[in-house]
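Structure file final10.txt; described as compact mmCIF, C-alpha atoms (C1' of nucleotides).
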```txt
# COMPACT_ATOMS: atom_id res chain seq x y z
CA MET A 1 12.41 21.55 20.52
CA THR A 2 11.46 18.01 19.83
CA SER A 3 14.42 15.89 18.89
CA PRO A 4 14.29 14.70 15.30
CA PRO A 5 14.07 10.94 14.78
CA ALA A 6 17.57 9.54 14.94
CA THR A 7 17.91 7.35 11.90
CA THR A 8 15.28 8.51 9.49
CA SER A 9 14.93 11.29 6.93
CA GLY A 10 16.72 14.17 8.59
CA GLY A 11 14.99 17.17 7.10
CA ARG A 12 13.84 16.23 3.65
CA GLU A 13 10.31 17.24 3.01
CA LEU A 14 8.18 16.80 -0.07
CA ALA A 15 5.47 19.13 -1.26
CA HIS A 16 2.01 17.62 -1.41
CA PRO A 17 -1.23 19.31 -2.34
CA ALA A 18 -3.63 19.66 0.57
CA ARG A 19 -6.79 17.64 0.31
CA GLU A 20 -8.86 20.57 -0.87
CA GLU A 21 -6.33 21.42 -3.51
CA ILE A 22 -6.64 18.13 -5.32
CA ARG A 23 -8.25 18.61 -8.71
CA LEU A 24 -10.15 15.96 -10.55
CA GLU A 25 -8.66 16.80 -13.92
CA GLN A 26 -5.16 16.35 -12.62
CA VAL A 27 -6.02 13.10 -10.95
CA LEU A 28 -7.48 11.78 -14.17
CA HIS A 29 -4.47 12.93 -16.09
CA ALA A 30 -2.16 11.23 -13.63
CA LEU A 31 -4.10 8.00 -13.97
CA ALA A 32 -4.27 8.16 -17.75
CA ASP A 33 -0.73 6.94 -18.16
CA PRO A 34 -0.42 3.15 -18.23
CA LEU A 35 2.77 3.16 -16.27
CA ARG A 36 1.34 5.29 -13.54
CA LEU A 37 -1.92 3.42 -13.51
CA GLY A 38 0.07 0.27 -12.95
CA VAL A 39 1.83 1.82 -10.00
CA VAL A 40 -1.46 2.94 -8.52
CA ARG A 41 -2.92 -0.51 -8.91
CA ALA A 42 0.06 -2.02 -7.15
CA LEU A 43 -0.20 0.49 -4.33
CA ALA A 44 -3.90 -0.17 -3.98
CA SER A 45 -3.37 -3.85 -3.42
CA ALA A 46 -0.33 -3.47 -1.18
CA PRO A 47 -0.82 -3.70 2.59
CA GLU A 48 1.40 -0.68 3.21
CA ASP A 49 3.86 1.78 1.74
CA LEU A 50 6.09 0.65 -1.09
CA PRO A 51 9.47 2.04 -2.09
CA CYS A 52 9.81 3.32 -5.65
CA GLY A 53 12.24 0.59 -6.44
CA VAL A 54 9.96 -2.42 -6.15
CA PHE A 55 8.07 -1.62 -9.31
CA ALA A 56 10.83 -2.47 -11.74
CA LEU A 57 9.45 -0.05 -14.28
CA PRO A 58 10.80 -0.34 -17.81
CA VAL A 59 12.14 3.19 -17.79
CA SER A 60 15.20 4.96 -16.50
CA LYS A 61 15.55 6.20 -12.96
CA SER A 62 14.96 9.80 -13.88
CA THR A 63 11.82 8.96 -15.82
CA CYS A 64 10.70 7.01 -12.82
CA THR A 65 11.21 10.03 -10.62
CA HIS A 66 9.15 12.03 -13.06
CA HIS A 67 6.17 9.69 -12.96
CA PHE A 68 6.13 9.48 -9.21
CA ARG A 69 6.25 13.22 -9.02
CA VAL A 70 3.23 13.50 -11.29
CA LEU A 71 1.36 11.14 -9.01
CA ARG A 72 2.38 13.06 -5.93
CA GLU A 73 1.67 16.52 -7.27
CA SER A 74 -1.72 15.49 -8.51
CA GLY A 75 -2.57 14.25 -5.04
CA VAL A 76 -2.84 10.58 -5.88
CA ILE A 77 0.01 9.35 -3.72
CA ARG A 78 1.87 10.48 -0.64
CA GLN A 79 5.63 10.13 -0.52
CA VAL A 80 7.94 10.18 2.47
CA TYR A 81 11.63 9.56 2.78
CA ARG A 82 12.69 6.65 4.88
CA GLY A 83 16.37 6.04 5.04
CA THR A 84 17.68 5.93 1.55
CA ALA A 85 14.35 4.97 0.07
CA LYS A 86 11.22 6.93 -0.68
CA MET A 87 8.02 5.26 0.38
CA ASN A 88 4.80 5.64 -1.55
CA ALA A 89 1.23 5.26 -0.44
CA LEU A 90 -2.10 5.89 -2.09
CA ARG A 91 -3.99 8.83 -0.61
CA ARG A 92 -7.05 6.71 -0.39
CA ALA A 93 -8.77 8.54 2.43
CA ASP A 94 -8.33 11.91 0.78
CA LEU A 95 -9.47 10.70 -2.59
CA ASP A 96 -12.43 8.80 -1.21
CA HIS A 97 -13.44 11.82 0.79
CA LEU A 98 -13.23 14.18 -2.17
CA PHE A 99 -14.48 11.87 -4.88
CA PRO A 100 -16.36 8.92 -3.41
CA GLY A 101 -16.37 6.02 -5.81
CA LEU A 102 -13.86 7.45 -8.22
CA LEU A 103 -10.80 5.52 -7.20
CA ASP A 104 -12.69 2.27 -6.82
CA GLY A 105 -14.27 2.86 -10.18
CA VAL A 106 -10.93 3.35 -11.85
CA LEU A 107 -9.29 0.45 -10.06
CA SER A 108 -11.97 -2.03 -10.90
CA ALA A 109 -12.04 -0.74 -14.46
CA ALA A 110 -8.33 -1.34 -14.68
CA GLN A 111 -8.78 -4.82 -13.36
CA GLU A 112 -11.57 -5.53 -15.80
CA GLN A 113 -9.43 -4.42 -18.67
CA ALA A 114 -6.41 -6.35 -17.47
CA GLY A 115 -8.49 -9.47 -17.23
CA ARG A 116 -9.90 -8.96 -20.67
CA GLU A 117 -6.48 -8.48 -22.13
CA ARG A 118 -5.13 -11.61 -20.56
CA GLU A 119 -7.75 -13.51 -22.55
CA ASP A 120 -7.72 -11.69 -25.84
CA GLY A 121 -4.01 -11.24 -26.09
CA PRO A 122 -2.35 -7.88 -25.67
CA PRO A 123 -3.87 -4.94 -27.54
CA ARG A 124 -2.02 -3.04 -30.22
CA ARG A 125 -0.31 -0.08 -28.70
CA THR A 126 -1.81 3.30 -29.26
CA ALA A 127 1.45 4.99 -30.20
CA ARG A 128 1.43 7.02 -27.08
CA ASP A 129 1.07 4.13 -24.66
CA ARG A 130 4.72 3.43 -24.57
CA ARG A 131 7.47 4.87 -26.63
CA GLU A 132 10.47 2.89 -27.75
CA PRO A 133 13.61 3.68 -25.84
CA ARG A 134 16.19 5.57 -27.79
CA THR A 135 18.69 2.76 -28.04
CA ASP A 136 20.69 2.45 -31.21
CA PRO A 137 19.20 -0.40 -33.26
CA ALA A 138 22.60 -1.11 -34.79
CA GLY A 139 23.86 -2.60 -31.54
CA MET B 1 -29.97 -2.13 -51.24
CA THR B 2 -32.06 -0.45 -48.64
CA SER B 3 -33.09 3.03 -49.62
CA PRO B 4 -31.31 5.69 -47.61
CA PRO B 5 -33.45 8.00 -45.46
CA ALA B 6 -34.60 10.88 -47.59
CA THR B 7 -33.71 13.97 -45.63
CA THR B 8 -30.99 12.89 -43.24
CA SER B 9 -27.25 12.36 -43.48
CA GLY B 10 -26.82 10.95 -46.94
CA GLY B 11 -23.75 8.79 -46.61
CA ARG B 12 -21.54 10.38 -44.01
CA GLU B 13 -20.22 7.89 -41.56
CA LEU B 14 -17.95 8.41 -38.59
CA ALA B 15 -15.41 5.94 -37.24
CA HIS B 16 -16.06 4.74 -33.71
CA PRO B 17 -14.11 2.19 -31.74
CA ALA B 18 -16.04 -0.99 -31.06
CA ARG B 19 -16.92 -1.64 -27.48
CA GLU B 20 -14.07 -4.07 -26.94
CA GLU B 21 -11.61 -1.64 -28.40
CA ILE B 22 -12.22 1.04 -25.82
CA ARG B 23 -9.20 1.49 -23.59
CA LEU B 24 -9.32 2.78 -20.08
CA GLU B 25 -6.24 4.93 -20.44
CA GLN B 26 -7.70 6.72 -23.42
CA VAL B 27 -11.00 7.26 -21.68
CA LEU B 28 -9.22 8.76 -18.70
CA HIS B 29 -7.17 10.94 -20.95
CA ALA B 30 -10.25 12.14 -22.77
CA LEU B 31 -11.90 13.01 -19.48
CA ALA B 32 -8.83 14.73 -18.07
CA ASP B 33 -9.44 17.88 -20.08
CA PRO B 34 -11.74 20.35 -18.34
CA LEU B 35 -13.43 21.34 -21.55
CA ARG B 36 -14.18 17.78 -22.50
CA LEU B 37 -15.19 16.86 -19.00
CA GLY B 38 -17.69 19.69 -19.14
CA VAL B 39 -19.10 18.36 -22.37
CA VAL B 40 -19.43 14.90 -20.91
CA ARG B 41 -21.19 16.23 -17.86
CA ALA B 42 -23.64 18.09 -20.05
CA LEU B 43 -24.27 15.00 -22.14
CA ALA B 44 -24.78 12.91 -19.05
CA SER B 45 -27.51 15.12 -17.76
CA ALA B 46 -29.20 15.65 -21.11
CA PRO B 47 -32.25 13.57 -21.96
CA GLU B 48 -30.97 12.85 -25.45
CA ASP B 49 -28.41 13.67 -28.11
CA LEU B 50 -27.03 17.17 -28.27
CA PRO B 51 -25.54 18.97 -31.25
CA CYS B 52 -21.98 20.23 -30.93
CA GLY B 53 -23.17 23.77 -31.14
CA VAL B 54 -25.12 23.98 -27.90
CA PHE B 55 -22.06 23.96 -25.70
CA ALA B 56 -20.80 27.43 -26.55
CA LEU B 57 -17.24 26.40 -25.83
CA PRO B 58 -14.70 29.21 -25.48
CA VAL B 59 -12.61 27.91 -28.36
CA SER B 60 -12.69 28.12 -32.11
CA LYS B 61 -14.76 25.83 -34.28
CA SER B 62 -11.80 23.77 -35.36
CA THR B 63 -10.62 23.27 -31.81
CA CYS B 64 -14.11 22.23 -30.96
CA THR B 65 -14.03 19.63 -33.70
CA HIS B 66 -10.76 18.39 -32.27
CA HIS B 67 -12.12 17.89 -28.76
CA PHE B 68 -15.19 16.08 -29.95
CA ARG B 69 -13.02 13.85 -32.04
CA VAL B 70 -10.92 12.95 -29.00
CA LEU B 71 -14.08 12.05 -27.15
CA ARG B 72 -15.36 9.96 -30.03
CA GLU B 73 -12.12 8.16 -30.77
CA SER B 74 -11.62 7.28 -27.14
CA GLY B 75 -15.07 5.73 -27.10
CA VAL B 76 -16.66 8.16 -24.70
CA ILE B 77 -19.26 9.56 -27.07
CA ARG B 78 -21.06 8.48 -30.20
CA GLN B 79 -21.59 10.97 -33.00
CA VAL B 80 -24.02 10.87 -35.88
CA TYR B 81 -24.86 13.37 -38.55
CA ARG B 82 -28.36 14.66 -38.60
CA GLY B 83 -29.11 17.21 -41.21
CA THR B 84 -26.53 19.91 -40.93
CA ALA B 85 -25.76 19.16 -37.32
CA LYS B 86 -23.76 16.44 -35.64
CA MET B 87 -25.45 14.89 -32.67
CA ASN B 88 -23.51 13.65 -29.67
CA ALA B 89 -24.43 11.07 -27.09
CA LEU B 90 -22.58 9.46 -24.23
CA ARG B 91 -21.82 5.79 -24.80
CA ARG B 92 -23.17 5.02 -21.40
CA ALA B 93 -24.14 1.42 -22.01
CA ASP B 94 -20.77 0.55 -23.50
CA LEU B 95 -18.83 2.26 -20.77
CA ASP B 96 -20.95 0.83 -17.99
CA HIS B 97 -20.58 -2.59 -19.48
CA LEU B 98 -16.82 -2.35 -19.78
CA PHE B 99 -16.08 -0.39 -16.65
CA PRO B 100 -18.97 -0.57 -14.20
CA GLY B 101 -18.91 2.36 -11.84
CA LEU B 102 -16.25 4.32 -13.67
CA LEU B 103 -18.41 6.86 -15.43
CA ASP B 104 -20.63 7.40 -12.43
CA GLY B 105 -17.56 7.78 -10.28
CA VAL B 106 -16.11 10.43 -12.54
CA LEU B 107 -19.40 12.24 -12.98
CA SER B 108 -20.16 12.47 -9.31
CA ALA B 109 -16.57 13.48 -8.64
CA ALA B 110 -16.95 16.26 -11.17
CA GLN B 111 -20.14 17.36 -9.51
CA GLU B 112 -18.55 17.29 -6.07
CA GLN B 113 -15.73 19.44 -7.29
CA ALA B 114 -18.00 21.84 -9.10
CA GLY B 115 -20.05 22.28 -5.96
CA ARG B 116 -16.97 22.88 -3.88
CA GLU B 117 -15.71 25.48 -6.28
CA ARG B 118 -18.94 27.35 -6.31
CA GLU B 119 -18.46 27.87 -2.59
CA ASP B 120 -14.75 28.50 -2.37
CA GLY B 121 -14.46 30.65 -5.42
CA PRO B 122 -12.82 29.45 -8.59
CA PRO B 123 -9.43 27.76 -8.29
CA ARG B 124 -6.30 29.21 -9.81
CA ARG B 125 -5.77 27.75 -13.22
CA THR B 126 -3.05 25.20 -13.65
CA ALA B 127 -1.53 26.80 -16.72
CA ARG B 128 -2.67 23.99 -18.92
CA ASP B 129 -6.30 24.17 -17.94
CA ARG B 130 -7.12 26.75 -20.50
CA ARG B 131 -4.94 28.72 -22.80
CA GLU B 132 -5.71 32.23 -23.90
CA PRO B 133 -7.17 32.42 -27.39
CA ARG B 134 -5.01 34.13 -29.93
CA THR B 135 -7.54 36.77 -30.91
CA ASP B 136 -6.38 40.30 -31.44
CA PRO B 137 -7.66 42.37 -28.52
CA ALA B 138 -7.85 45.44 -30.74
CA GLY B 139 -10.98 44.14 -32.47
C1' DA C 1 -29.06 29.48 -57.78
C1' DC C 2 -27.54 31.66 -53.74
C1' DT C 3 -26.89 31.97 -48.96
C1' DT C 4 -26.59 30.39 -44.41
C1' DC C 5 -25.59 26.98 -41.02
C1' DA C 6 -22.74 23.47 -38.97
C1' DG C 7 -18.98 21.33 -39.12
C1' DT C 8 -14.28 19.34 -41.48
C1' DA C 9 -9.51 19.25 -43.38
C1' DC C 10 -5.27 20.98 -43.45
C1' DG C 11 -1.23 23.30 -42.07
C1' DA C 12 1.22 25.65 -38.53
C1' DG C 13 2.74 27.26 -34.05
C1' DA C 14 3.16 26.90 -29.10
C1' DA C 15 2.81 24.42 -24.93
C1' DC C 16 3.23 19.97 -22.67
C1' DA C 17 4.76 15.48 -21.55
C1' DA C 18 7.80 11.31 -21.67
C1' DT C 19 12.18 9.93 -22.12
C1' DC C 20 17.09 9.74 -21.52
C1' DG C 21 21.98 10.52 -19.69
C1' DT C 22 25.14 12.65 -16.64
C1' DA C 23 26.28 14.68 -12.48
C1' DC C 24 24.94 15.25 -7.85
C1' DT C 25 22.87 14.48 -2.90
C1' DT C 26 21.63 11.94 1.02
C1' DT C 27 21.65 7.90 3.86
C1' DA C 28 23.50 3.57 5.12
C1' DT C 29 27.07 0.07 5.16
C1' DT C 30 31.85 -1.58 5.39
C1' DA D 1 36.80 7.48 4.83
C1' DA D 2 35.28 5.08 1.04
C1' DT D 3 31.64 2.78 -1.20
C1' DA D 4 27.09 1.54 -2.35
C1' DA D 5 22.09 2.41 -2.75
C1' DA D 6 18.22 5.17 -3.94
C1' DG D 7 16.79 8.95 -5.75
C1' DT D 8 16.98 14.12 -7.62
C1' DA D 9 18.17 18.01 -10.68
C1' DC D 10 19.19 19.61 -14.94
C1' DG D 11 19.29 19.95 -19.85
C1' DA D 12 18.24 17.97 -24.21
C1' DT D 13 15.35 15.56 -27.34
C1' DT D 14 11.36 13.86 -29.32
C1' DG D 15 6.62 13.10 -29.71
C1' DT D 16 1.77 14.61 -28.48
C1' DT D 17 -1.81 17.82 -27.69
C1' DC D 18 -4.09 22.23 -27.96
C1' DT D 19 -4.85 26.05 -30.46
C1' DC D 20 -5.76 28.84 -34.35
C1' DG D 21 -7.03 30.56 -39.18
C1' DT D 22 -8.32 29.78 -43.82
C1' DA D 23 -10.44 27.28 -47.17
C1' DC D 24 -13.70 23.80 -47.99
C1' DT D 25 -18.11 20.55 -47.96
C1' DG D 26 -22.76 19.13 -47.39
C1' DA D 27 -27.56 20.11 -45.90
C1' DA D 28 -31.28 23.32 -45.49
C1' DG D 29 -33.63 27.56 -46.30
C1' DT D 30 -34.84 31.62 -49.49
```
Represent the supplied structure as structure tokens.
Amino acid sequence: MTSPPATTSGGRELAHPAREEIRLEQVLHALADPLRLGVVRALASAPEDLPCGVFALPVSKSTCTHHFRVLRESGVIRQVYRGTAKMNALRRADLDHLFPGLLDGVLSAAQEQAGREREDGPPRRTARDRREPRTDPAG
Amino acid sequence: MTSPPATTSGGRELAHPAREEIRLEQVLHALADPLRLGVVRALASAPEDLPCGVFALPVSKSTCTHHFRVLRESGVIRQVYRGTAKMNALRRADLDHLFPGLLDGVLSAAQEQAGREREDGPPRRTARDRREPRTDPAG
DNA sequence: ACTTCAGTACGAGAACAATCGTACTTTATT
DNA sequence: AATAAAGTACGATTGTTCTCGTACTGAAGT
């Protein structure tokens, strides 16, 4: 048997859909959340894998786990353990192969919109964009 | 006042978001439903406006209304009354202006996937793709 | 005037999704 | 061994979306 790598991710594997199993509807759904879209944008402009932590998302750790799982299970990102962290990378090649132009289209659309919003001031939230955390307002 | 057209849509107006109000996340969400994506594909390849009826969607009339409303309110389609029918058209110009490449990316992705599925056989449904209608099977 | 056609409004139920907190696991550091 | 770091699993909660049926409206045809 081949010896497992000494210091990295003993035997923790994560389930990913194979390339052919990726479905457009699920990809679109994954990208339709502003939080997740933000993550994808960051990954797209990063040179290499990023750990979950660097995003400083305004949600709890478990919610964070949830969103990254949605991205992974829809086939948008690939996740691997590396030491105590979990590294994330866009599945660019797979997505470009399956849906040429889609990812670029979405990314540049997101950039367009972000640019527009920086000028016009932030848009009113659409009630589902981001929910208020459940903190007690009496604090 | 200008005289209203004699035989068409007396005074029924429908609320549409202005071009600048269209939000990427909502567009993606609207397109993430297989039923709605199908409608959008049909509209994209149609020469002109189509009435809601021609789609023969496997849902009730009220559900149909719901889906078309989602498409309209997200800015993906424009709807106008015309006689007893309601005509639907893709807001191609608006979308292309706001998000160049996005719609084409999604449409060709949808076509890619449809082609793939015609070969490989239909994919297993993802449990949210389509729910069973509540009709009594004893009919 | 009546009927048919096409779609809406409303209310309700079920499924889904986003969020949280607490307890736990795994890896690395001290 | 004990602690810290990064994340997961689970259950609960709340809000959103999909779905339906029934009753209704407005336009067109008879």
Test item: residues at most 8 Å from region 24-30 of chain C, all atoms listed in the file, excluding those fewer than 6 positions along its chain, as a list in words: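 Here the qualifying residues turn out to be Gly83 and Thr84 of chain A; DT3, DA4, DT8 and DA9 of chain D.
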Distance filter 12 Å, only C-alpha atoms, chain B against chain A, as JSON, numbers by chain: {"B": [19, 20, 21, 22, 23, 24, 25, 26, 27, 28, 29, 30, 31, 32, 33, 34, 35, 36, 37, 38, 73, 74, 95, 96, 97, 98, 99, 100, 101, 102, 103, 104, 105, 106, 107, 108, 109, 110, 111, 112, 113, 114, 115, 116, 117, 120, 122, 123, 124, 125, 126, 127, 128, 129]}
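Counting only C-alpha atoms (C1' of nucleotides), every residue of chain D that comes within 7 Å of chain B is listed here: DT19, DC20 and DA27 of chain D.
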Just-selected residues, C-alpha atoms (C1' of nucleotides) written as a short mmCIF file (atom, residue, chain, number, x, y, z; two decimals), in the frame of the given file:
```cif
data_model
loop_
_atom_site.label_atom_id
_atom_site.label_comp_id
_atom_site.auth_asym_id
_atom_site.auth_seq_id
_atom_site.Cartn_x
_atom_site.Cartn_y
_atom_site.Cartn_z
"C1'" DT D 19 -4.85 26.05 -30.46
"C1'" DC D 20 -5.76 28.84 -34.35
"C1'" DA D 27 -27.56 20.11 -45.90
#
```
Hey, can I get the axis-aligned box for region 2-17 of chain C? All listed atoms, 8 Å padding on each side, centre and edge lengths in Å to one decimal, as AutoDock Vina command-line options.
```
--center_x -11.4 --center_y 23.7 --center_z -37.6 --size_x 48.3 --size_y 32.5 --size_z 48.2
```
Atomic distance C1' of DT19 (chain C) - C1' of DT14 (chain D), expressed in Å with one decimal: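 Spanning C1' of DT19 (chain C) to C1' of DT14 (chain D) is a straight-line distance of 8.2 Å.
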Between CA of Leu50 (chain A) and CA of Asn88 (chain A) - distance in Å to one decimal: 5.2 Å
